[in-house]
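The next block is run12.txt, given as compact mmCIF, C-alpha atoms.
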```txt
# COMPACT_ATOMS: atom_id res chain seq x y z
CA MET A 1119 53.92 46.88 45.69
CA ALA A 1120 51.47 45.95 42.97
CA SER A 1121 49.37 42.83 43.28
CA SER A 1122 50.02 40.01 40.89
CA PRO A 1123 47.31 38.78 38.44
CA ASN A 1124 47.31 35.47 40.30
CA SER A 1125 46.36 37.05 43.66
CA PHE A 1126 43.65 39.13 41.93
CA THR A 1127 42.13 35.91 40.54
CA HIS A 1128 42.02 34.38 44.02
CA LEU A 1129 40.43 37.53 45.46
CA TYR A 1130 37.84 37.58 42.66
CA PHE A 1131 37.07 33.88 43.24
CA LEU A 1132 36.61 34.45 47.01
CA LEU A 1133 34.34 37.46 46.38
CA VAL A 1134 32.12 35.47 43.98
CA PHE A 1135 32.07 32.48 46.34
CA PHE A 1136 30.92 34.56 49.32
CA LEU A 1137 28.31 36.42 47.25
CA LEU A 1138 26.85 33.10 46.05
CA LEU A 1139 26.94 31.70 49.58
CA ALA A 1140 25.11 34.77 50.90
CA ALA A 1141 22.49 34.52 48.14
CA ALA A 1142 21.94 30.82 48.80
CA THR A 1143 21.36 31.37 52.51
CA ALA A 1144 19.22 34.47 52.00
CA PHE A 1145 16.90 32.88 49.44
CA PRO A 1146 16.61 29.16 50.20
CA VAL A 1147 14.34 27.03 48.08
CA THR A 1148 13.19 24.34 50.45
CA SER A 1149 10.18 22.47 51.63
CA GLU A 1150 9.43 20.94 54.96
CA PHE A 1151 7.59 17.75 55.65
CA GLU A 1152 6.63 15.55 58.53
CA LEU A 1153 6.56 11.83 57.90
CA GLY A 1154 4.20 10.93 60.72
CA ARG A 1155 3.96 7.45 62.22
CA GLN A 1156 5.84 4.62 60.50
CA SER A 1157 3.74 1.61 59.50
CA ARG A 1158 4.91 -1.81 58.36
CA ILE A 1159 2.69 -4.31 56.63
CA HIS A 1160 2.84 -7.51 54.63
CA PHE A 1161 0.20 -8.42 52.05
CA ARG A 1162 -0.09 -10.67 49.01
CA VAL A 1163 -1.51 -10.00 45.58
CA TYR A 1164 -1.52 -12.23 42.50
CA PHE A 1165 -0.11 -11.10 39.16
CA HIS A 1166 -2.21 -12.43 36.24
CA GLU A 1167 -0.39 -12.12 32.90
CA THR A 1168 -2.04 -13.14 29.61
CA PHE A 1169 0.05 -13.86 26.50
CA LEU A 1170 -2.65 -14.78 23.95
CA GLY A 1171 -6.06 -13.60 22.82
CA PRO A 1172 -8.00 -10.35 23.10
CA ASP A 1173 -7.05 -9.87 26.77
CA ASN A 1174 -3.30 -10.00 26.05
CA THR A 1175 -1.43 -8.07 28.75
CA THR A 1176 2.12 -8.30 27.33
CA VAL A 1177 3.61 -6.99 24.10
CA THR A 1178 7.13 -7.60 22.82
CA VAL A 1179 8.41 -4.27 21.50
CA VAL A 1180 11.97 -5.39 20.68
CA ASN A 1181 12.75 -8.90 19.46
CA MET A 1182 16.44 -9.31 18.73
CA SER A 1183 15.96 -12.83 17.27
CA LEU A 1184 19.10 -14.08 18.96
CA PRO A 1185 19.56 -17.69 20.14
CA ASN A 1186 18.55 -16.50 23.61
CA THR A 1187 16.30 -13.60 24.58
CA PHE A 1188 19.16 -11.17 25.29
CA GLY A 1189 18.17 -7.68 24.13
CA ASP A 1190 14.43 -8.34 23.95
CA VAL A 1191 12.08 -5.82 25.57
CA ASP A 1192 8.50 -6.55 26.68
CA ILE A 1193 5.91 -4.11 28.02
CA PHE A 1194 3.14 -5.36 30.28
CA ASP A 1195 -0.07 -4.12 31.91
CA ALA A 1196 -1.19 -7.15 33.91
CA VAL A 1197 -4.04 -7.58 36.38
CA LEU A 1198 -3.47 -7.77 40.16
CA ARG A 1199 -5.99 -9.93 42.02
CA THR A 1200 -6.60 -11.08 45.59
CA GLY A 1201 -6.14 -14.75 44.63
CA PRO A 1202 -4.76 -17.08 41.97
CA SER A 1203 -8.19 -17.63 40.38
CA LYS A 1204 -9.34 -15.45 37.47
CA ARG A 1205 -12.59 -15.05 39.40
CA SER A 1206 -10.84 -13.45 42.42
CA THR A 1207 -11.29 -9.72 43.02
CA GLU A 1208 -9.25 -7.34 40.88
CA VAL A 1209 -7.37 -4.81 43.05
CA GLY A 1210 -5.12 -3.14 40.50
CA ARG A 1211 -2.62 -3.39 37.68
CA ALA A 1212 1.09 -4.14 37.38
CA GLN A 1213 2.56 -1.93 34.68
CA GLY A 1214 6.16 -2.15 33.59
CA VAL A 1215 8.91 -3.23 31.26
CA SER A 1216 10.92 -6.44 31.09
CA PHE A 1217 14.47 -5.97 29.80
CA HIS A 1218 16.13 -9.28 28.90
CA ALA A 1219 19.53 -8.14 30.13
CA SER A 1220 21.47 -11.36 30.65
CA GLN A 1221 23.64 -13.02 27.99
CA ARG A 1222 24.02 -16.17 30.08
CA ASP A 1223 20.46 -17.04 31.07
CA GLU A 1224 16.86 -15.92 30.61
CA SER A 1225 16.94 -13.42 33.51
CA SER A 1226 15.25 -10.05 33.19
CA LEU A 1227 15.54 -6.61 34.77
CA ILE A 1228 12.01 -5.47 35.57
CA PRO A 1229 11.03 -2.00 36.75
CA LEU A 1230 7.30 -1.91 37.49
CA VAL A 1231 4.58 0.09 39.18
CA LEU A 1232 1.80 -1.58 41.15
CA VAL A 1233 -1.28 0.60 40.63
CA PHE A 1234 -4.00 -0.12 43.20
CA THR A 1235 -7.52 0.63 41.94
CA ALA A 1236 -9.61 -1.00 44.69
CA GLY A 1237 -9.43 -1.98 48.34
CA ASP A 1238 -7.55 -0.36 51.22
CA PHE A 1239 -4.82 1.01 48.93
CA CYS A 1240 -7.07 2.45 46.20
CA ASP A 1241 -5.44 5.38 44.32
CA SER A 1242 -1.99 4.40 45.62
CA THR A 1243 1.08 2.99 43.85
CA LEU A 1244 4.27 1.15 44.71
CA THR A 1245 7.36 1.42 42.50
CA VAL A 1246 9.44 -1.76 42.35
CA ILE A 1247 12.66 -2.70 40.56
CA GLY A 1248 14.74 -5.85 40.43
CA ARG A 1249 15.80 -9.00 38.65
CA MET A 1250 13.71 -12.08 37.90
CA ASP A 1251 15.29 -15.44 37.05
CA THR A 1252 13.98 -18.19 34.75
CA SER A 1253 12.13 -19.97 37.55
CA GLY A 1254 9.94 -16.91 38.09
CA LYS A 1255 11.46 -16.20 41.49
CA ALA A 1256 12.40 -12.63 42.23
CA ASP A 1257 13.41 -10.59 45.25
CA ARG A 1258 12.94 -6.94 44.31
CA ALA A 1259 13.26 -3.56 46.03
CA ILE A 1260 10.34 -1.24 46.67
CA VAL A 1261 11.84 2.17 45.96
CA GLY A 1262 8.86 4.48 46.45
CA GLY A 1263 5.16 5.00 46.30
CA THR A 1264 2.24 7.43 46.17
CA GLY A 1265 -1.06 7.87 48.00
CA VAL A 1266 -1.11 5.71 51.11
CA PHE A 1267 2.44 4.62 50.29
CA GLN A 1268 4.21 8.01 50.20
CA PHE A 1269 7.91 7.64 51.07
CA ALA A 1270 7.55 3.83 50.91
CA SER A 1271 10.41 1.37 50.94
CA GLY A 1272 10.57 -2.37 51.30
CA ASN A 1273 10.77 -5.65 49.49
CA MET A 1274 8.62 -7.66 47.09
CA VAL A 1275 9.18 -11.40 46.70
CA SER A 1276 7.51 -13.15 43.78
CA LYS A 1277 6.98 -16.83 43.10
CA LEU A 1278 5.48 -18.48 40.05
CA VAL A 1279 2.15 -20.20 40.81
CA THR A 1280 1.11 -21.46 37.35
CA SER A 1281 2.37 -21.03 33.81
CA ASP A 1282 1.35 -22.21 30.34
CA LYS A 1283 1.36 -20.91 26.75
CA ALA A 1284 -1.66 -18.68 27.43
CA GLY A 1285 -0.26 -16.89 30.49
CA LEU A 1286 0.95 -17.12 34.03
CA VAL A 1287 0.04 -16.35 37.62
CA ALA A 1288 2.63 -15.26 40.19
CA ALA A 1289 2.23 -14.50 43.90
CA PHE A 1290 3.67 -11.15 45.01
CA ASP A 1291 4.46 -11.04 48.74
CA ILE A 1292 4.86 -7.36 49.55
CA TYR A 1293 6.67 -6.15 52.67
CA VAL A 1294 6.39 -2.37 52.81
CA VAL A 1295 7.32 0.40 55.24
CA TYR A 1296 5.36 3.64 54.78
CA TYR A 1297 4.29 6.65 56.81
CA ASP A 1298 0.83 7.72 58.00
CA ASP A 1299 -0.19 11.37 57.89
CA VAL A 1300 2.59 12.74 55.67
CA ARG A 1301 2.37 16.55 55.62
CA LEU A 1302 4.17 18.54 52.94
CA THR A 1303 4.63 22.30 53.26
CA ALA A 1304 6.32 24.39 50.59
CA ILE A 1305 8.35 27.34 51.83
CA ALA A 1306 8.73 30.26 49.49
```
Turn the structure described in the file into C-alpha cells.
Amino acid sequence: MASSPNSFTHLYFLLVFFLLLAAATAFPVTSEFELGRQSRIHFRVYFHETFLGPDNTTVTVVNMSLPNTFGDVDIFDAVLRTGPSKRSTEVGRAQGVSFHASQRDESSLIPLVLVFTAGDFCDSTLTVIGRMDTSGKADRAIVGGTGVFQFASGNMVSKLVTSDKAGLVAAFDIYVVYYDDVRLTAIA
C-alpha cells in the first residue's frame, strides 16, 4: 500500500519540527541574571521648562495650526532640580516628546527619560510614559531604567507648581521599585 502525498507532508512536517526542536534545545541562546534585593523609594525632583530666550528647553517640531493643538509635536530637554527655585541644585535632565494626541482637549501623550547627572542616582535613567491633562497633572508609569535603576518599575505623579509665558515648574513625585546588585551573565 503506497502512502498518500498528504501523509508524506505530515511526516515531513513532523521531521522538520523535531529537528528544529532538537536544535533549539541543543544550542540555546540565553542569559542568566540575578536581580538581588528589591528596593522601594520615593523622591521628588522639579521639572524646569523654559519656553523663551536663549535657554529655551522646548521646540515645536510639528505645528498643525488647527483650532486646538491636536497633531502638534514638541521636543523638550528640560532641567531637573532639587527644588522649585532656579537657584536649586541641578540633578539631571528630562528629555522627551509631547504628542498632542487628543481631539477633545489639550491632553498630551508624553514619553520621557529622566537622566540623572548628579546626586545619588548619577549616571542612571528612568523611562516614563503617560498622559498629561491641561491642568498639568499626570500619573505616569515608570517602565524601566538604567544604572542604579536597572529593571525599575513604578509611578511618577506630576503637579504644576508655577506657569507663565516664559516657562513652567512642575513637581515630579517618583515612586520607584528597583533592584540592588543586579548581575548579568551571558551564556554562550
Quote the spacing between CA of Asp1190 in chain A and CA of Gly1272 in chain A in Å to one decimal place. 28.3 Å
Using all atoms listed in the file, find each residue of range 1143-1216 of chain A with at least one atom at most 6 Å away from an atom of range 1232-1255 of chain A; report its shortest atom-to-atom pair and that distance in Å (one decimal), sort the rows by chain and rising residue number, and return the result as a Markdown table.
```
| residue | atom | partner | partner_atom | distance |
| --- | --- | --- | --- | --- |
| A:Val1209 | CA | A:Ala1236 | CA | 4.7 |
| A:Gly1210 | CA | A:Phe1234 | CA | 4.2 |
| A:Arg1211 | CA | A:Val1233 | CA | 5.1 |
| A:Ala1212 | CA | A:Leu1232 | CA | 4.6 |
```
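Atom pair CA of His1218 in chain A / CA of Tyr1164 in chain A has a distance of 22.5 Å (rounded to one decimal).
The spacing separating CA of Ala1259 in chain A from CA of Asn1273 in chain A amounts to 4.7 Å.
Comparing A:Lys1277, A:Phe1217, A:Val1295, A:His1166 by their smallest distance to Asn1181 in chain A, the closest is A:Phe1217 (using only C-alpha atoms).
For Ala1284 in chain A, the list of residues within 6 Å, based on all atoms listed in the file and with local chain neighbours fewer than 6 positions off taken out, reads Thr1168, Phe1169 and Leu1170 of chain A.
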Minimum-distance residue to Leu1153 in chain A, chosen among A:Phe1269, A:Thr1280, A:Ser1225, A:Gly1285 (using all atoms listed in the file): A:Phe1269
Would you mind telling me which residue in A:Ser1276, A:Ser1183, A:Ser1271, A:Thr1264 lies nearest to Val1300 in chain A when using only C-alpha atoms?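 Selected residue with least distance to Val1300 in chain A: A:Thr1264.
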Neighbours of Thr1178 in chain A within 7 Å (only C-alpha atoms; same-chain residues fewer than 2 positions away dropped), as a PyMOL selection string? chain A and resi 1176+1180-1181+1191-1193
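The closest residue to Lys1204 in chain A, picked from A:Leu1286, A:Arg1155, A:Val1261, A:Arg1222 and counting only C-alpha atoms, is A:Leu1286.
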Under the rule that only C-alpha atoms are counted, which of A:Pro1172, A:Pro1202, A:Gly1262, A:Pro1229 is the nearest residue to Tyr1297 in chain A?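 Checking each of A:Pro1172, A:Pro1202, A:Gly1262, A:Pro1229 against Tyr1297 in chain A, counting only C-alpha atoms, the winner is A:Gly1262.
Shortest separation to Tyr1293 in chain A among A:Val1177, A:Val1134, A:Ser1157, A:Leu1198 occurs at residue A:Ser1157, atoms counted being only C-alpha atoms.
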Find the residues around Tyr1296 in chain A up to 6 Å (all atoms listed in the file counted), leave out those fewer than 2 positions away in its own chain, and share them as a PDB file with C-alpha atoms, in the coordinates of the input.
```
ATOM      1  CA  GLN A1156       5.840   4.620  60.500  1.00  0.00           C
ATOM      2  CA  SER A1157       3.740   1.610  59.500  1.00  0.00           C
ATOM      3  CA  PHE A1267       2.440   4.620  50.290  1.00  0.00           C
ATOM      4  CA  ALA A1270       7.550   3.830  50.910  1.00  0.00           C
TER       5      ALA A1270
END
```
Centre, x/y/z edge lengths, axis-aligned box for range 1190-1205 of chain A with 3 Å per side, as lines of an AutoDock Vina configuration file:
```
center_x = 0.9
center_y = -10.9
center_z = 34.8
size_x = 33.0
size_y = 19.5
size_z = 27.6
```
